[in-house]
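Trainee: For reference, this is model-v9.csv, and it has CSV, C-alpha atoms.
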chain,number,residue,atom,x,y,z
A,218,MET,CA,36.2,-34.3,-17.3
A,219,GLY,CA,33.0,-35.2,-19.2
A,220,GLU,CA,32.6,-34.9,-22.9
A,221,ILE,CA,30.4,-32.9,-25.3
A,222,ARG,CA,29.3,-34.7,-28.4
A,223,ILE,CA,27.7,-32.9,-31.4
A,224,CYS,CA,25.9,-35.1,-33.9
A,225,VAL,CA,24.7,-33.5,-37.1
A,226,GLY,CA,22.1,-35.3,-39.3
A,227,ARG,CA,20.0,-34.3,-42.2
A,228,GLY,CA,18.8,-30.7,-41.5
A,229,PHE,CA,19.0,-31.1,-37.7
A,230,SER,CA,21.5,-31.1,-34.9
A,231,VAL,CA,21.4,-33.1,-31.8
A,232,TYR,CA,23.5,-31.9,-28.8
A,233,THR,CA,24.1,-34.4,-26.1
A,234,CYS,CA,26.2,-33.5,-23.1
A,235,SER,CA,27.3,-35.7,-20.3
A,236,TYR,CA,28.4,-34.5,-16.8
A,237,MET,CA,31.3,-32.1,-16.7
A,238,LYS,CA,33.3,-31.5,-13.5
A,239,ALA,CA,33.8,-28.0,-12.2
A,240,SER,CA,37.0,-26.4,-13.4
A,241,LYS,CA,39.9,-25.7,-11.0
A,242,GLY,CA,38.1,-24.0,-8.1
A,243,LEU,CA,35.7,-22.1,-10.3
A,244,GLY,CA,32.7,-24.0,-9.0
A,245,LYS,CA,32.3,-21.7,-6.1
A,246,VAL,CA,32.6,-18.4,-8.0
A,247,SER,CA,29.4,-16.6,-9.0
A,248,GLU,CA,28.3,-16.5,-12.6
A,249,LEU,CA,28.6,-12.8,-12.7
A,250,ALA,CA,32.2,-13.0,-11.3
A,251,LEU,CA,33.1,-15.6,-13.9
A,252,ARG,CA,31.8,-13.4,-16.7
A,253,ARG,CA,33.7,-10.4,-15.4
A,254,ARG,CA,36.9,-12.5,-15.0
A,255,ARG,CA,36.5,-13.7,-18.6
A,256,GLN,CA,36.0,-10.2,-19.9
A,257,GLY,CA,39.1,-9.0,-17.9
A,258,LEU,CA,41.2,-11.8,-19.5
A,259,VAL,CA,39.9,-10.8,-23.0
A,260,LYS,CA,40.9,-7.2,-22.4
A,261,LEU,CA,44.4,-8.4,-21.4
A,262,LEU,CA,45.0,-10.4,-24.6
A,263,PRO,CA,48.1,-9.1,-26.5
A,264,PRO,CA,47.6,-8.1,-30.1
A,265,ALA,CA,47.3,-11.2,-32.2
A,266,GLY,CA,49.6,-9.8,-34.9
A,267,GLU,CA,52.4,-9.5,-32.4
A,268,VAL,CA,52.9,-13.1,-31.3
A,269,LEU,CA,55.6,-15.7,-32.1
A,270,ARG,CA,55.8,-19.3,-31.0
A,271,GLY,CA,59.4,-20.4,-30.4
A,272,SER,CA,62.4,-20.0,-28.1
A,273,LEU,CA,65.5,-17.8,-28.2
A,274,VAL,CA,68.8,-19.6,-27.7
A,275,GLU,CA,72.0,-17.8,-27.0
A,276,ARG,CA,75.0,-19.5,-28.7
A,277,TYR,CA,78.7,-19.0,-28.9
A,278,VAL,CA,80.3,-20.5,-32.0
A,279,THR,CA,83.6,-21.3,-33.6
A,280,CYS,CA,84.3,-20.3,-37.2
A,281,GLY,CA,86.9,-22.9,-38.1
A,282,ASN,CA,89.7,-20.5,-38.9
A,283,LEU,CA,92.8,-21.9,-37.2
A,284,SER,CA,94.3,-18.4,-36.6
A,285,CYS,CA,91.1,-17.0,-35.0
A,286,LYS,CA,90.6,-16.5,-31.3
A,287,CYS,CA,87.8,-19.1,-31.3
A,288,ALA,CA,90.4,-21.8,-32.1
A,289,ARG,CA,92.0,-21.0,-28.7
A,290,GLY,CA,88.6,-21.3,-26.9
A,291,GLU,CA,87.3,-17.7,-27.1
A,292,ARG,CA,84.2,-18.3,-29.1
A,293,HIS,CA,82.2,-15.7,-31.2
A,294,GLY,CA,79.0,-14.5,-29.7
A,295,PRO,CA,76.6,-14.2,-28.3
A,296,MET,CA,74.5,-15.1,-31.3
A,297,TRP,CA,70.8,-15.4,-30.9
A,298,TYR,CA,68.8,-18.2,-32.6
A,299,LEU,CA,65.1,-18.5,-32.9
A,300,THR,CA,64.1,-22.2,-32.7
A,301,VAL,CA,60.6,-23.4,-33.5
A,302,THR,CA,59.4,-27.0,-33.2
A,303,LEU,CA,57.3,-28.0,-36.2
A,304,GLY,CA,56.5,-31.5,-35.1
A,305,PRO,CA,58.2,-34.6,-33.5
A,306,GLY,CA,61.9,-34.4,-34.4
A,307,ARG,CA,61.4,-31.4,-36.7
A,308,THR,CA,62.6,-27.9,-35.8
A,309,THR,CA,63.4,-24.8,-37.8
A,310,GLY,CA,65.0,-21.5,-36.9
A,311,GLY,CA,67.4,-18.9,-37.8
A,312,ILE,CA,69.8,-16.2,-36.5
A,313,ILE,CA,68.1,-13.1,-35.0
A,314,SER,CA,69.9,-9.9,-35.5
A,315,ALA,CA,70.6,-7.6,-32.5
A,316,ASN,CA,68.2,-4.9,-33.8
A,317,HIS,CA,65.3,-7.5,-33.8
A,318,LEU,CA,66.2,-9.2,-30.5
A,319,GLU,CA,63.9,-7.2,-28.2
A,320,GLN,CA,61.0,-7.4,-30.7
A,321,VAL,CA,61.3,-11.2,-30.9
A,322,ARG,CA,61.5,-11.5,-27.1
A,323,ARG,CA,58.3,-9.4,-26.8
A,324,TRP,CA,56.5,-11.5,-29.4
A,325,ILE,CA,57.5,-14.7,-27.7
A,326,GLU,CA,56.3,-13.4,-24.4
A,327,ASN,CA,53.0,-12.3,-26.0
A,328,TYR,CA,52.6,-15.8,-27.4
A,329,ARG,CA,53.0,-17.3,-23.9
A,330,ARG,CA,50.6,-14.7,-22.4
A,331,LEU,CA,48.0,-15.3,-25.2
A,332,LYS,CA,48.2,-19.1,-24.7
A,333,ASP,CA,47.8,-18.8,-20.9
A,334,ASP,CA,45.0,-16.2,-21.1
A,335,LEU,CA,43.1,-18.3,-23.7
A,336,GLU,CA,43.4,-21.3,-21.4
A,337,GLY,CA,41.9,-19.3,-18.6
A,338,ILE,CA,39.0,-18.1,-20.8
A,339,SER,CA,38.4,-21.7,-21.9
A,340,GLU,CA,38.2,-22.9,-18.3
A,341,ILE,CA,35.7,-20.2,-17.5
A,342,ASN,CA,33.6,-21.0,-20.5
A,343,ARG,CA,33.7,-24.7,-19.6
A,344,GLU,CA,32.4,-23.8,-16.1
A,345,LEU,CA,29.7,-21.6,-17.5
A,346,LEU,CA,28.7,-24.4,-19.9
A,347,ARG,CA,28.7,-27.0,-17.1
A,348,ARG,CA,26.4,-24.7,-15.1
A,349,ALA,CA,24.0,-24.2,-18.0
A,350,GLN,CA,23.8,-28.0,-18.6
A,351,THR,CA,23.2,-28.6,-14.9
A,352,ALA,CA,20.4,-26.0,-14.9
A,353,LEU,CA,18.9,-27.6,-18.0
A,354,ARG,CA,18.9,-31.1,-16.4
A,355,ALA,CA,17.3,-29.7,-13.2
A,356,ARG,CA,14.4,-28.1,-15.1
A,357,PRO,CA,11.2,-30.1,-15.0
A,358,ARG,CA,10.3,-31.7,-18.4
A,359,LYS,CA,7.0,-31.3,-20.2
A,360,GLY,CA,4.6,-34.1,-19.5
A,361,ALA,CA,6.5,-35.4,-16.5
Would you give me this structure, written as structure tokens?

Mentor:
Amino acid sequence: MGEIRICVGRGFSVYTCSYMKASKGLGKVSELALRRRRQGLVKLLPPAGEVLRGSLVERYVTCGNLSCKCARGERHGPMWYLTVTLGPGRTTGGIISANHLEQVRRWIENYRRLKDDLEGISEINRELLRRAQTALRARPRKGA
């Protein structure tokens, strides 16, 4: 993949673009079809206010009481935990109550859909930009 560099100086901007490869089979799709596909992906985006990055983990736990059934191997659960990675070696999370479980599942799925759809939109935009840059380079220059 090529790169796009944007250099900003005093009161002016210089945009220089090097060659960009066609994105994942989009090179043969018409520009109109790309724009329609992009618009279709935009319409499918889930509501931004209903997304949650993380994973649900089902756990069975022991309480530590020696007379409890969990001391004999019958653990308590299932208990649902939301885990979120904050950075390398750093996670956070908490117990999700049963009445919030379906909502959390839906929000996590929305996050995954949003991420996938935004990646698709980005690929289409990259292809449209590549085509625009190719057309710009192919145009005859003044004085040439």

Trainee: Atom CA of A:Val268 and atom CA of A:Gly311 are how many Å apart?

Mentor: 16.9 Å

Trainee: Identify the residues around (57.0, -9.4, -28.6) within a radius of 12 Å, measuring from only C-alpha atoms in the coordinates stated by the file, and give them as JSON, numbers by chain.

Mentor: {"A": [263, 264, 265, 266, 267, 268, 269, 270, 271, 272, 273, 317, 318, 319, 320, 321, 322, 323, 324, 325, 326, 327, 328, 329, 330, 331]}

Trainee: Show me, as number ranges by chain, the residues that have an atom within 6 Å of A:Gly310 when counting all atoms listed in the file, minus same-chain residues fewer than 4 positions from it.

Mentor: A: 299-301

Trainee: Between atom CA of A:Gly242 and atom CA of A:Ile338, what distance in Å does the model show, to one decimal?

Mentor: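 Computing the Euclidean distance for atom CA of A:Gly242 and atom CA of A:Ile338 yields 14.0 Å.
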
Trainee: If we count all atoms listed in the file and set the cut-off at 10 Å, which residues sit around A:Pro295, ignoring sequence neighbours fewer than 3 positions away in its own chain? Please answer as a list in words.

Mentor: Val274, Glu275, Arg276, Tyr277, Val278, Arg292, Tyr298 and Ala315 of chain A

Trainee: Could you please take those selected residues and save C-alpha atoms as an mmCIF file, in the frame of the given file?

Mentor:
data_model
loop_
_atom_site.group_PDB
_atom_site.id
_atom_site.type_symbol
_atom_site.label_atom_id
_atom_site.label_comp_id
_atom_site.auth_asym_id
_atom_site.auth_seq_id
_atom_site.Cartn_x
_atom_site.Cartn_y
_atom_site.Cartn_z
ATOM 1 C CA VAL A 274 68.800 -19.600 -27.700
ATOM 2 C CA GLU A 275 72.000 -17.800 -27.000
ATOM 3 C CA ARG A 276 75.000 -19.500 -28.700
ATOM 4 C CA TYR A 277 78.700 -19.000 -28.900
ATOM 5 C CA VAL A 278 80.300 -20.500 -32.000
ATOM 6 C CA ARG A 292 84.200 -18.300 -29.100
ATOM 7 C CA TYR A 298 68.800 -18.200 -32.600
ATOM 8 C CA ALA A 315 70.600 -7.600 -32.500
#

Trainee: Between atom CA of A:Asn342 and atom CA of A:Leu261, what is the distance in Å, rounded to a tenth?

Mentor: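 Those two atoms sit 16.6 Å apart.
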
Trainee: Counting all atoms listed in the file, what is within 12 Å of stretch 243-252 of chain A, bar same-chain residues fewer than 4 positions away, as a PDB file with C-alpha atoms, in the coordinates of the input?

Mentor:
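Result saved to result_3.pdb:
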ATOM      1  CA  MET A 237      31.300 -32.100 -16.700  1.00  0.00           C
ATOM      2  CA  LYS A 238      33.300 -31.500 -13.500  1.00  0.00           C
ATOM      3  CA  ALA A 239      33.800 -28.000 -12.200  1.00  0.00           C
ATOM      4  CA  GLN A 256      36.000 -10.200 -19.900  1.00  0.00           C
ATOM      5  CA  GLY A 257      39.100  -9.000 -17.900  1.00  0.00           C
ATOM      6  CA  LEU A 258      41.200 -11.800 -19.500  1.00  0.00           C
ATOM      7  CA  VAL A 259      39.900 -10.800 -23.000  1.00  0.00           C
ATOM      8  CA  GLY A 337      41.900 -19.300 -18.600  1.00  0.00           C
ATOM      9  CA  ILE A 338      39.000 -18.100 -20.800  1.00  0.00           C
ATOM     10  CA  SER A 339      38.400 -21.700 -21.900  1.00  0.00           C
ATOM     11  CA  GLU A 340      38.200 -22.900 -18.300  1.00  0.00           C
ATOM     12  CA  ILE A 341      35.700 -20.200 -17.500  1.00  0.00           C
ATOM     13  CA  ASN A 342      33.600 -21.000 -20.500  1.00  0.00           C
ATOM     14  CA  ARG A 343      33.700 -24.700 -19.600  1.00  0.00           C
ATOM     15  CA  GLU A 344      32.400 -23.800 -16.100  1.00  0.00           C
ATOM     16  CA  LEU A 345      29.700 -21.600 -17.500  1.00  0.00           C
ATOM     17  CA  LEU A 346      28.700 -24.400 -19.900  1.00  0.00           C
ATOM     18  CA  ARG A 347      28.700 -27.000 -17.100  1.00  0.00           C
ATOM     19  CA  ARG A 348      26.400 -24.700 -15.100  1.00  0.00           C
ATOM     20  CA  ALA A 349      24.000 -24.200 -18.000  1.00  0.00           C
TER      21      ALA A 349
END
